[in-house]
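Okay, query_16.txt is below, compact mmCIF, N, CA and C atoms:
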# COMPACT_ATOMS: atom_id res chain seq x y z
N MET A 30 82.94 123.14 93.17
CA MET A 30 83.79 122.05 92.73
C MET A 30 82.91 121.01 92.02
N ASP A 31 83.46 120.42 91.00
CA ASP A 31 82.78 119.36 90.27
C ASP A 31 82.48 118.20 91.22
N PRO A 32 81.25 117.66 91.20
CA PRO A 32 80.88 116.57 92.11
C PRO A 32 81.77 115.33 91.99
N LYS A 33 82.21 115.03 90.77
CA LYS A 33 83.09 113.86 90.61
C LYS A 33 84.45 114.10 91.25
N TYR A 34 84.98 115.30 91.08
CA TYR A 34 86.26 115.62 91.71
C TYR A 34 86.13 115.65 93.23
N ALA A 35 85.01 116.15 93.71
CA ALA A 35 84.77 116.18 95.16
C ALA A 35 84.73 114.76 95.72
N ALA A 36 84.07 113.85 95.02
CA ALA A 36 83.99 112.46 95.47
C ALA A 36 85.36 111.80 95.43
N LEU A 37 86.13 112.06 94.38
CA LEU A 37 87.48 111.53 94.27
C LEU A 37 88.37 112.07 95.38
N SER A 38 88.27 113.35 95.63
CA SER A 38 89.05 113.97 96.69
C SER A 38 88.68 113.41 98.06
N GLY A 39 87.39 113.26 98.29
CA GLY A 39 86.93 112.73 99.58
C GLY A 39 87.42 111.33 99.84
N LEU A 40 87.35 110.47 98.82
CA LEU A 40 87.82 109.10 99.00
C LEU A 40 89.33 109.07 99.19
N THR A 41 90.05 109.86 98.41
CA THR A 41 91.50 109.91 98.54
C THR A 41 91.91 110.34 99.94
N ARG A 42 91.28 111.39 100.42
CA ARG A 42 91.58 111.88 101.76
C ARG A 42 91.29 110.79 102.81
N ALA A 43 90.15 110.12 102.68
CA ALA A 43 89.79 109.07 103.64
C ALA A 43 90.79 107.92 103.59
N LEU A 44 91.19 107.51 102.38
CA LEU A 44 92.16 106.43 102.25
C LEU A 44 93.49 106.78 102.92
N ILE A 45 93.93 108.01 102.74
CA ILE A 45 95.19 108.43 103.34
C ILE A 45 95.06 108.53 104.85
N GLU A 46 94.04 109.24 105.32
CA GLU A 46 93.89 109.47 106.76
C GLU A 46 93.62 108.18 107.53
N LYS A 47 92.90 107.25 106.91
CA LYS A 47 92.54 106.01 107.61
C LYS A 47 93.40 104.83 107.17
N ARG A 48 94.45 105.13 106.41
CA ARG A 48 95.39 104.11 105.95
C ARG A 48 94.69 102.92 105.29
N GLY A 49 93.69 103.26 104.48
CA GLY A 49 92.98 102.24 103.72
C GLY A 49 91.79 101.63 104.40
N ASN A 50 91.59 101.92 105.67
CA ASN A 50 90.48 101.34 106.42
C ASN A 50 89.22 102.18 106.27
N VAL A 51 88.71 102.27 105.04
CA VAL A 51 87.53 103.09 104.78
C VAL A 51 86.27 102.24 104.87
N SER A 52 85.19 102.90 105.18
CA SER A 52 83.90 102.22 105.31
C SER A 52 83.12 102.31 104.01
N GLU A 53 82.07 101.55 103.92
CA GLU A 53 81.18 101.62 102.76
C GLU A 53 80.59 103.02 102.63
N ALA A 54 80.34 103.66 103.76
CA ALA A 54 79.79 105.02 103.74
C ALA A 54 80.77 106.01 103.10
N GLU A 55 82.05 105.73 103.17
CA GLU A 55 83.05 106.61 102.56
C GLU A 55 83.27 106.26 101.08
N ILE A 56 82.96 105.04 100.70
CA ILE A 56 83.07 104.61 99.31
C ILE A 56 81.84 105.01 98.51
N ARG A 57 80.70 105.01 99.14
CA ARG A 57 79.43 105.27 98.46
C ARG A 57 79.41 106.56 97.64
N PRO A 58 79.88 107.71 98.17
CA PRO A 58 79.87 108.92 97.34
C PRO A 58 80.73 108.80 96.08
N PHE A 59 81.80 108.03 96.18
CA PHE A 59 82.69 107.80 95.04
C PHE A 59 81.95 107.05 93.93
N THR A 60 81.29 105.96 94.30
CA THR A 60 80.57 105.18 93.29
C THR A 60 79.31 105.90 92.83
N ALA A 61 78.68 106.65 93.71
CA ALA A 61 77.48 107.41 93.34
C ALA A 61 77.81 108.52 92.35
N ALA A 62 79.06 108.99 92.36
CA ALA A 62 79.48 110.05 91.44
C ALA A 62 79.77 109.50 90.04
N GLY A 63 79.70 108.18 89.89
CA GLY A 63 79.90 107.58 88.58
C GLY A 63 81.15 106.74 88.43
N TYR A 64 81.94 106.64 89.47
CA TYR A 64 83.13 105.81 89.42
C TYR A 64 82.75 104.36 89.71
N ALA A 65 83.51 103.43 89.15
CA ALA A 65 83.32 102.01 89.44
C ALA A 65 84.17 101.64 90.66
N GLU A 66 83.71 100.63 91.40
CA GLU A 66 84.46 100.19 92.59
C GLU A 66 85.89 99.79 92.23
N VAL A 67 86.09 99.22 91.04
CA VAL A 67 87.45 98.80 90.68
C VAL A 67 88.38 100.00 90.53
N GLN A 68 87.84 101.20 90.35
CA GLN A 68 88.68 102.39 90.24
C GLN A 68 89.27 102.83 91.56
N ILE A 69 88.81 102.24 92.65
CA ILE A 69 89.41 102.52 93.95
C ILE A 69 90.89 102.11 93.92
N LEU A 70 91.19 101.01 93.23
CA LEU A 70 92.58 100.57 93.11
C LEU A 70 93.42 101.62 92.38
N GLU A 71 92.84 102.30 91.41
CA GLU A 71 93.56 103.37 90.72
C GLU A 71 93.87 104.52 91.67
N VAL A 72 92.95 104.81 92.56
CA VAL A 72 93.18 105.87 93.55
C VAL A 72 94.32 105.45 94.48
N VAL A 73 94.29 104.19 94.91
CA VAL A 73 95.35 103.67 95.77
C VAL A 73 96.71 103.73 95.06
N ALA A 74 96.72 103.37 93.79
CA ALA A 74 97.98 103.44 93.02
C ALA A 74 98.47 104.88 92.91
N GLY A 75 97.57 105.81 92.70
CA GLY A 75 97.94 107.23 92.63
C GLY A 75 98.54 107.72 93.93
N ILE A 76 97.95 107.29 95.04
CA ILE A 76 98.48 107.66 96.35
C ILE A 76 99.90 107.09 96.52
N GLY A 77 100.09 105.85 96.08
CA GLY A 77 101.40 105.22 96.19
C GLY A 77 102.45 105.93 95.37
N VAL A 78 102.13 106.28 94.14
CA VAL A 78 103.08 106.98 93.27
C VAL A 78 103.42 108.35 93.87
N SER A 79 102.41 109.06 94.33
CA SER A 79 102.64 110.38 94.93
C SER A 79 103.52 110.27 96.17
N THR A 80 103.26 109.27 96.99
CA THR A 80 104.05 109.07 98.21
C THR A 80 105.50 108.76 97.87
N MET A 81 105.71 107.87 96.89
CA MET A 81 107.08 107.53 96.51
C MET A 81 107.81 108.74 95.92
N ALA A 82 107.13 109.52 95.11
CA ALA A 82 107.76 110.70 94.51
C ALA A 82 108.13 111.72 95.58
N ALA A 83 107.22 111.97 96.51
CA ALA A 83 107.49 112.95 97.56
C ALA A 83 108.61 112.48 98.48
N THR A 84 108.60 111.21 98.82
CA THR A 84 109.65 110.67 99.69
C THR A 84 111.01 110.74 99.02
N THR A 85 111.06 110.37 97.75
CA THR A 85 112.32 110.43 97.01
C THR A 85 112.83 111.86 96.89
N THR A 86 111.92 112.78 96.61
CA THR A 86 112.29 114.19 96.50
C THR A 86 112.84 114.71 97.82
N ASN A 87 112.20 114.34 98.91
CA ASN A 87 112.66 114.78 100.22
C ASN A 87 114.01 114.18 100.57
N LEU A 88 114.19 112.90 100.30
CA LEU A 88 115.47 112.24 100.59
C LEU A 88 116.60 112.83 99.76
N ALA A 89 116.32 113.17 98.52
CA ALA A 89 117.34 113.72 97.63
C ALA A 89 117.61 115.20 97.90
N GLY A 90 116.73 115.83 98.68
CA GLY A 90 116.91 117.24 98.96
C GLY A 90 116.68 118.12 97.75
N THR A 91 115.80 117.69 96.88
CA THR A 91 115.50 118.44 95.66
C THR A 91 114.94 119.81 96.02
N PRO A 92 115.56 120.86 95.50
CA PRO A 92 115.06 122.21 95.83
C PRO A 92 113.71 122.48 95.15
N ILE A 93 112.92 123.29 95.78
CA ILE A 93 111.63 123.69 95.23
C ILE A 93 111.86 124.83 94.24
N GLU A 94 111.23 124.73 93.09
CA GLU A 94 111.35 125.78 92.09
C GLU A 94 110.78 127.08 92.65
N ASP A 95 111.41 128.19 92.31
CA ASP A 95 110.98 129.50 92.81
C ASP A 95 109.49 129.74 92.56
N ARG A 96 108.99 129.36 91.39
CA ARG A 96 107.60 129.63 91.05
C ARG A 96 106.62 128.83 91.90
N LEU A 97 107.10 127.81 92.61
CA LEU A 97 106.23 126.98 93.43
C LEU A 97 106.40 127.18 94.93
N LYS A 98 107.37 127.99 95.31
CA LYS A 98 107.67 128.16 96.74
C LYS A 98 106.50 128.70 97.55
N SER A 99 105.68 129.55 96.99
CA SER A 99 104.54 130.08 97.72
C SER A 99 103.53 128.99 98.07
N HIS A 100 103.47 127.95 97.26
CA HIS A 100 102.55 126.83 97.53
C HIS A 100 103.14 125.87 98.58
N ALA A 101 104.43 125.77 98.63
CA ALA A 101 105.10 124.82 99.52
C ALA A 101 104.92 125.19 100.99
N THR A 102 104.83 126.45 101.31
CA THR A 102 104.69 126.86 102.70
C THR A 102 103.37 126.40 103.29
N ALA A 103 102.39 126.17 102.45
CA ALA A 103 101.08 125.72 102.94
C ALA A 103 101.16 124.30 103.49
N PHE A 104 102.17 123.53 103.08
CA PHE A 104 102.29 122.15 103.49
C PHE A 104 103.43 121.92 104.48
N ALA A 105 104.12 122.96 104.83
CA ALA A 105 105.27 122.82 105.73
C ALA A 105 104.85 122.59 107.16

Could you show the structure in this file as structure tokens?
Amino acid sequence: MDPKYAALSGLTRALIEKRGNVSEAEIRPFTAAGYAEVQILEVVAGIGVSTMAATTTNLAGTPIEDRLKSHATAFA
């Protein structure tokens, strides 16, 4: 995996799992990979948009497209 994507993924996971209460040790790989600290807000915004979209989809009962059903079982 690309080191920048790994750092982005790691920070995103930490932000979600710890509800934003991340430590400097969890931020450091993100900035060391070349991201600026201000881009953490972009990650938070991305998490928010994804959460709103998933919640709305679930509330509306939107069916999963056939071509994506095999991926959905991994998250059920």

Between atom CA of A:Val73 and atom CA of A:Arg48, measure the distance and give it in Å to one decimal. 10.2 Å

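Atom pair atom CA of A:Gly39 / atom CA of A:Val72: separated by 11.1 Å.
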
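Atom pair atom CA of A:Phe59 / atom N of A:Ala36: separated by 6.2 Å.
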
Can you pull out the residues contacting stretch 76-90 of chain A? Cut-off 8 Å, using all atoms listed in the file, and skip same-chain residues under 6 positions away; I want them as a list of chain:residue names. A:Thr41, A:Ile45, A:Leu70

Please report, as number ranges by chain, each residue of chain A to which DSSP assigns alpha helix (DSSP H) when run on this structure's backbone. A: 32-46, 53-61, 69-89, 98-101

Expected axis-aligned box over every listed atom of stretch 66-76 of chain A, 5 Å added per side, centre plus edges in Å to one decimal, as AutoDock Vina command-line options:
--center_x 91.8 --center_y 103.3 --center_z 93.4 --size_x 26.2 --size_y 18.9 --size_z 16.3

From the list A:Leu44, A:Ala74, A:Ala101, A:Ala62, the nearest residue to A:Pro32 using only C-alpha atoms is A:Ala62

If we count only C-alpha atoms and set the cut-off at 12 Å, which residues sit around A:Lys33, ignoring sequence neighbours fewer than 2 positions away in its own chain? Please answer as a PyMOL selection string. chain A and resi 30-31+35-40+58-65
